[in-house]
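Visitor: This structure is in structure tokens; I'll ask about it shortly.
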Amino acid sequence: MLYFKIFTSLACAAQFLVPALAAPFSHSGSGNATIETVYQFPNESWVENIAVRGNGNVLVTLITSPEVWGVDPTTHTAELIYSFPDATAATGITEVTEDVFAVAIGNWSVVTAAGTKGSWSIWTIDYRSRQSWHKHHGPPSIRKVAEIQEAVFINGLTALPTLPDTVLAGDSELGLVNRVNTRTGAHSVAIQDSAFAANTTAAALLGINGIHVRDNYLYFTNSFSSSLVFGRIPISSNGSATGSVQTIVATPRYPTNIGYHADDFALDGDGNAWITTDASSTLVKATPGGNVTVIEGGLQAAVVAGCTSAAFGRTRGKRETLYISTNGGLVVPPVGGIVGGKVLALHTRGL
């Protein structure tokens, strides 16, 4: 229960930071959405980020332990893929090339909500390895590809399609995005912008959070910003900014807990962002024009309690299924209390 005590203190400290609703919002949740539990981890397991393989299986990271797990939505089973050494947390995960995933590993404290400078590295999980070809369900090849000594808290990861073997890595505490070559280990700062910065008056120093590249734009959320929840910035082929940040959602148009506006998100084929809100236990949908709809959840709601990330299915019949990771309400417990982190499946057709 240590997490609950610490974040209760954060909530008390931040209760005056919760903004009033900026504008009316629509609400379709609590009964209209069809959500099923794909897999549930033990209590006090914080499932942080999620990626979907081409075969339909789901990879998730745990921030409460330096682990990546594989979840099979068909059998509702999970297996440990790898436990990373000399670290306390696994955060962002993204597919770099077909069936090769990059993951951020380092030290992040649930007690202080802060990362440790010099602890962060990028690893790859390669399912194309010889052992996987010879043994269909064999283990992937695991390799450390880069140590980023300057980083304090690498959070979101996204592939850069225009630059082979390259990912962009957001640092939530430094408010910047690194460019990392997963083949050579070379890395440098790609973008630093005030819109990525942490709100220094908030309960925790968490700025830029989820990041995804689409059509020469880097889309991103900022966890505690008072002026930009979700936006995008145009980028060049090497990931550098080519213009100014464009605000899509300025302030929350949904209820929030402890000023936590947005965590990670998934983009659908129409450009809508399905945004998780972690402490606010709400899944929202933001259109490219900035209209916001609450799809499911609400303050202290149990259904998507502590939702942290989302990704769409990739196999036939699953492309409209949104997989959602949760921490079970570790930050702000739902009615009924904290539960183990989950992988959920939301059927988005018609929502």
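Every chain in the structure tokens has a letter given in the order shown (A, B, ...), and although residue numbers restart at 1 in each chain, ligands are simply numbered from 1 in the order shown.
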What's around Glu79 (chain A) at 10 Å? Count only C-alpha atoms, leave out sequence neighbours fewer than 6 positions away in its own chain, and write the answer as a list in words.
Guide: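 Those residues are Leu59, Val68, Trp69, Gly70, Val71 and Asp72 of chain A.
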Visitor: Could those selected residues go to a file with N, CA, C and O atoms, as a PDB file, in the first residue's frame?
Guide:
```
ATOM      1  N   LEU A  59       2.687  -6.882 -26.249  1.00  0.00           N
ATOM      2  CA  LEU A  59       3.836  -6.728 -25.370  1.00  0.00           C
ATOM      3  C   LEU A  59       3.565  -5.568 -24.420  1.00  0.00           C
ATOM      4  O   LEU A  59       3.109  -4.507 -24.848  1.00  0.00           O
ATOM      5  N   VAL A  68       9.406  -6.931 -19.353  1.00  0.00           N
ATOM      6  CA  VAL A  68       8.487  -6.930 -20.490  1.00  0.00           C
ATOM      7  C   VAL A  68       7.787  -8.277 -20.518  1.00  0.00           C
ATOM      8  O   VAL A  68       8.435  -9.333 -20.394  1.00  0.00           O
ATOM      9  N   TRP A  69       6.484  -8.237 -20.648  1.00  0.00           N
ATOM     10  CA  TRP A  69       5.668  -9.443 -20.693  1.00  0.00           C
ATOM     11  C   TRP A  69       4.961  -9.548 -22.043  1.00  0.00           C
ATOM     12  O   TRP A  69       4.629  -8.528 -22.652  1.00  0.00           O
ATOM     13  N   GLY A  70       4.715 -10.769 -22.461  1.00  0.00           N
ATOM     14  CA  GLY A  70       3.915 -11.022 -23.645  1.00  0.00           C
ATOM     15  C   GLY A  70       2.555 -11.549 -23.234  1.00  0.00           C
ATOM     16  O   GLY A  70       2.454 -12.451 -22.392  1.00  0.00           O
ATOM     17  N   VAL A  71       1.507 -10.978 -23.800  1.00  0.00           N
ATOM     18  CA  VAL A  71       0.131 -11.364 -23.465  1.00  0.00           C
ATOM     19  C   VAL A  71      -0.560 -11.870 -24.726  1.00  0.00           C
ATOM     20  O   VAL A  71      -0.516 -11.210 -25.768  1.00  0.00           O
ATOM     21  N   ASP A  72      -1.182 -13.017 -24.624  1.00  0.00           N
ATOM     22  CA  ASP A  72      -1.919 -13.611 -25.740  1.00  0.00           C
ATOM     23  C   ASP A  72      -3.405 -13.324 -25.555  1.00  0.00           C
ATOM     24  O   ASP A  72      -4.034 -13.890 -24.651  1.00  0.00           O
TER      25      ASP A  72
END
```
Visitor: Using only C-alpha atoms, what table do you get, as a Markdown table, when you list each residue of region 75-181 of chain A with an atom no more than 12 Å from region 247-268 of chain A, its nearest pair of atoms, and their distance in Å rounded to one decimal, rows by chain then rising number?
Guide:
```
| residue | atom | partner | partner_atom | distance |
| --- | --- | --- | --- | --- |
| A:Thr91 | CA | A:Asp264 | CA | 11.1 |
| A:Gly92 | CA | A:Asp264 | CA | 9.6 |
| A:Ile93 | CA | A:Asp264 | CA | 11.4 |
| A:Thr94 | CA | A:Ala266 | CA | 11.9 |
| A:Asn155 | CA | A:Asp264 | CA | 9.5 |
| A:Gly156 | CA | A:Asp264 | CA | 7.6 |
| A:Leu157 | CA | A:Asp264 | CA | 10.2 |
| A:Thr158 | CA | A:Ala266 | CA | 11.3 |
| A:Gly170 | CA | A:Asp264 | CA | 11.6 |
| A:Ser172 | CA | A:Asp263 | CA | 10.9 |
```
Visitor: Which residue out of A:Gly239, A:Ile81, A:Glu48, A:Gly306 has the minimum interatomic distance to Pro333 (chain A) when only C-alpha atoms are used?
Guide: A:Gly306
Visitor: What are the DSSP helix (DSSP H, G or I) residues of region 77-209 of chain A, as a list in words?
Guide: Arg130, Gln131, Ser132, Trp133, His134, Ser194, Ala195 and Phe196 of chain A
Visitor: Quick one: of A:Ala159, A:Val47, A:Tyr39, A:Glu147, who's nearest to Gly328 (chain A), counting only C-alpha atoms?
Guide: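 Closest to Gly328 (chain A), using only C-alpha atoms: A:Val47.
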Visitor: Closest to Ala90 (chain A) among A:Thr162, A:Thr74, A:Asn49, A:Thr116, using only C-alpha atoms?
Guide: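 Of A:Thr162, A:Thr74, A:Asn49, A:Thr116, the one nearest Ala90 (chain A), counting only C-alpha atoms, is A:Asn49.
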Visitor: Tell me which of A:Lys144, A:Val38, A:Ala102, A:Ser194 sits closest to Thr77 (chain A), counting only C-alpha atoms.
Guide: A:Val38
Visitor: I'd like to know which of A:Ala310, A:Ala286, A:Ala279, A:Leu218 is closest to Gly329 (chain A), using only C-alpha atoms.
Guide: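 Selected residue with least distance to Gly329 (chain A): A:Ala279.
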Visitor: Skipping near chain neighbours, those fewer than 3 positions away, what residues fall within 10 Å of Asn107 (chain A) using only C-alpha atoms, listed as number ranges by chain?
Guide: A: 63-66, 86-91, 110, 114-121, 152-154
Visitor: Using only C-alpha atoms, can you tell me which of A:Ala186, A:Ile208, A:Val60, A:Ala169 comes closest to Thr326 (chain A)?
Guide: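 For Thr326 (chain A), the nearest of the given residues is A:Val60.
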Visitor: What's around Tyr217 (chain A) at 7 Å? Count only C-alpha atoms, leave out sequence neighbours fewer than 5 positions away in its own chain, and write the answer as a list in words.
Guide: Arg232, Ile233, Pro234 and Ile235 of chain A
Visitor: Could you write out, as a PyMOL selection string, all the residues of region 46-89 of chain A that DSSP marks as strand (DSSP E or B)?
Guide: chain A and resi 47-52+58-62+67-72+77-83+89
Visitor: Please, could you write that set of residues out with N, CA, C and O atoms as an mmCIF file, in the first residue's frame?
Guide:
```
data_model
loop_
_atom_site.group_PDB
_atom_site.id
_atom_site.type_symbol
_atom_site.label_atom_id
_atom_site.label_comp_id
_atom_site.auth_asym_id
_atom_site.auth_seq_id
_atom_site.Cartn_x
_atom_site.Cartn_y
_atom_site.Cartn_z
ATOM 1 N N VAL A 47 1.257 -1.676 -15.074
ATOM 2 C CA VAL A 47 1.502 -1.920 -16.494
ATOM 3 C C VAL A 47 1.584 -0.555 -17.166
ATOM 4 O O VAL A 47 0.615 0.206 -17.176
ATOM 5 N N GLU A 48 2.746 -0.231 -17.725
ATOM 6 C CA GLU A 48 3.024 1.139 -18.144
ATOM 7 C C GLU A 48 2.789 1.384 -19.629
ATOM 8 O O GLU A 48 2.193 2.382 -20.009
ATOM 9 N N ASN A 49 3.266 0.510 -20.494
ATOM 10 C CA ASN A 49 3.168 0.793 -21.916
ATOM 11 C C ASN A 49 2.861 -0.485 -22.673
ATOM 12 O O ASN A 49 3.030 -1.586 -22.162
ATOM 13 N N ILE A 50 2.430 -0.307 -23.920
ATOM 14 C CA ILE A 50 1.878 -1.440 -24.659
ATOM 15 C C ILE A 50 2.212 -1.315 -26.143
ATOM 16 O O ILE A 50 2.259 -0.211 -26.692
ATOM 17 N N ALA A 51 2.481 -2.447 -26.762
ATOM 18 C CA ALA A 51 2.703 -2.518 -28.206
ATOM 19 C C ALA A 51 2.109 -3.833 -28.694
ATOM 20 O O ALA A 51 2.038 -4.814 -27.939
ATOM 21 N N VAL A 52 1.703 -3.868 -29.947
ATOM 22 C CA VAL A 52 1.069 -5.061 -30.507
ATOM 23 C C VAL A 52 1.948 -5.635 -31.608
ATOM 24 O O VAL A 52 2.381 -4.914 -32.506
ATOM 25 N N VAL A 58 0.370 -9.169 -27.587
ATOM 26 C CA VAL A 58 0.601 -7.854 -27.005
ATOM 27 C C VAL A 58 1.853 -7.904 -26.131
ATOM 28 O O VAL A 58 2.052 -8.851 -25.369
ATOM 29 N N LEU A 59 2.687 -6.882 -26.249
ATOM 30 C CA LEU A 59 3.836 -6.728 -25.370
ATOM 31 C C LEU A 59 3.565 -5.568 -24.420
ATOM 32 O O LEU A 59 3.109 -4.507 -24.848
ATOM 33 N N VAL A 60 3.845 -5.767 -23.134
ATOM 34 C CA VAL A 60 3.642 -4.699 -22.161
ATOM 35 C C VAL A 60 4.875 -4.555 -21.283
ATOM 36 O O VAL A 60 5.604 -5.520 -21.043
ATOM 37 N N THR A 61 5.097 -3.327 -20.834
ATOM 38 C CA THR A 61 6.178 -3.048 -19.893
ATOM 39 C C THR A 61 5.590 -2.813 -18.510
ATOM 40 O O THR A 61 4.443 -2.376 -18.366
ATOM 41 N N LEU A 62 6.393 -3.105 -17.485
ATOM 42 C CA LEU A 62 6.008 -2.818 -16.107
ATOM 43 C C LEU A 62 6.936 -1.745 -15.560
ATOM 44 O O LEU A 62 8.155 -1.847 -15.707
ATOM 45 N N GLU A 67 10.560 -5.229 -16.388
ATOM 46 C CA GLU A 67 10.141 -6.420 -17.121
ATOM 47 C C GLU A 67 9.287 -6.078 -18.329
ATOM 48 O O GLU A 67 8.520 -5.104 -18.313
ATOM 49 N N VAL A 68 9.406 -6.931 -19.353
ATOM 50 C CA VAL A 68 8.487 -6.930 -20.490
ATOM 51 C C VAL A 68 7.787 -8.277 -20.518
ATOM 52 O O VAL A 68 8.435 -9.333 -20.394
ATOM 53 N N TRP A 69 6.484 -8.237 -20.648
ATOM 54 C CA TRP A 69 5.668 -9.443 -20.693
ATOM 55 C C TRP A 69 4.961 -9.548 -22.043
ATOM 56 O O TRP A 69 4.629 -8.528 -22.652
ATOM 57 N N GLY A 70 4.715 -10.769 -22.461
ATOM 58 C CA GLY A 70 3.915 -11.022 -23.645
ATOM 59 C C GLY A 70 2.555 -11.549 -23.234
ATOM 60 O O GLY A 70 2.454 -12.451 -22.392
ATOM 61 N N VAL A 71 1.507 -10.978 -23.800
ATOM 62 C CA VAL A 71 0.131 -11.364 -23.465
ATOM 63 C C VAL A 71 -0.560 -11.870 -24.726
ATOM 64 O O VAL A 71 -0.516 -11.210 -25.768
ATOM 65 N N ASP A 72 -1.182 -13.017 -24.624
ATOM 66 C CA ASP A 72 -1.919 -13.611 -25.740
ATOM 67 C C ASP A 72 -3.405 -13.324 -25.555
ATOM 68 O O ASP A 72 -4.034 -13.890 -24.651
ATOM 69 N N THR A 77 -3.473 -15.532 -21.567
ATOM 70 C CA THR A 77 -2.318 -15.931 -20.777
ATOM 71 C C THR A 77 -1.186 -14.938 -20.996
ATOM 72 O O THR A 77 -1.193 -14.171 -21.964
ATOM 73 N N ALA A 78 -0.200 -14.972 -20.095
ATOM 74 C CA ALA A 78 0.940 -14.061 -20.198
ATOM 75 C C ALA A 78 2.215 -14.807 -19.841
ATOM 76 O O ALA A 78 2.197 -15.760 -19.050
ATOM 77 N N GLU A 79 3.318 -14.386 -20.433
ATOM 78 C CA GLU A 79 4.615 -14.956 -20.102
ATOM 79 C C GLU A 79 5.641 -13.836 -20.003
ATOM 80 O O GLU A 79 5.573 -12.838 -20.720
ATOM 81 N N LEU A 80 6.579 -14.015 -19.092
ATOM 82 C CA LEU A 80 7.666 -13.058 -18.947
ATOM 83 C C LEU A 80 8.607 -13.188 -20.136
ATOM 84 O O LEU A 80 9.140 -14.272 -20.401
ATOM 85 N N ILE A 81 8.817 -12.093 -20.857
ATOM 86 C CA ILE A 81 9.740 -12.098 -21.987
ATOM 87 C C ILE A 81 11.166 -11.888 -21.498
ATOM 88 O O ILE A 81 12.084 -12.597 -21.884
ATOM 89 N N TYR A 82 11.348 -10.908 -20.608
ATOM 90 C CA TYR A 82 12.707 -10.643 -20.112
ATOM 91 C C TYR A 82 12.631 -9.737 -18.888
ATOM 92 O O TYR A 82 11.790 -8.827 -18.820
ATOM 93 N N SER A 83 13.507 -10.011 -17.916
ATOM 94 C CA SER A 83 13.694 -9.133 -16.765
ATOM 95 C C SER A 83 15.057 -8.483 -16.915
ATOM 96 O O SER A 83 16.082 -9.170 -16.943
ATOM 97 N N ALA A 89 12.710 -0.225 -13.647
ATOM 98 C CA ALA A 89 11.510 0.046 -14.431
ATOM 99 C C ALA A 89 11.720 -0.187 -15.919
ATOM 100 O O ALA A 89 12.815 0.029 -16.449
#
```
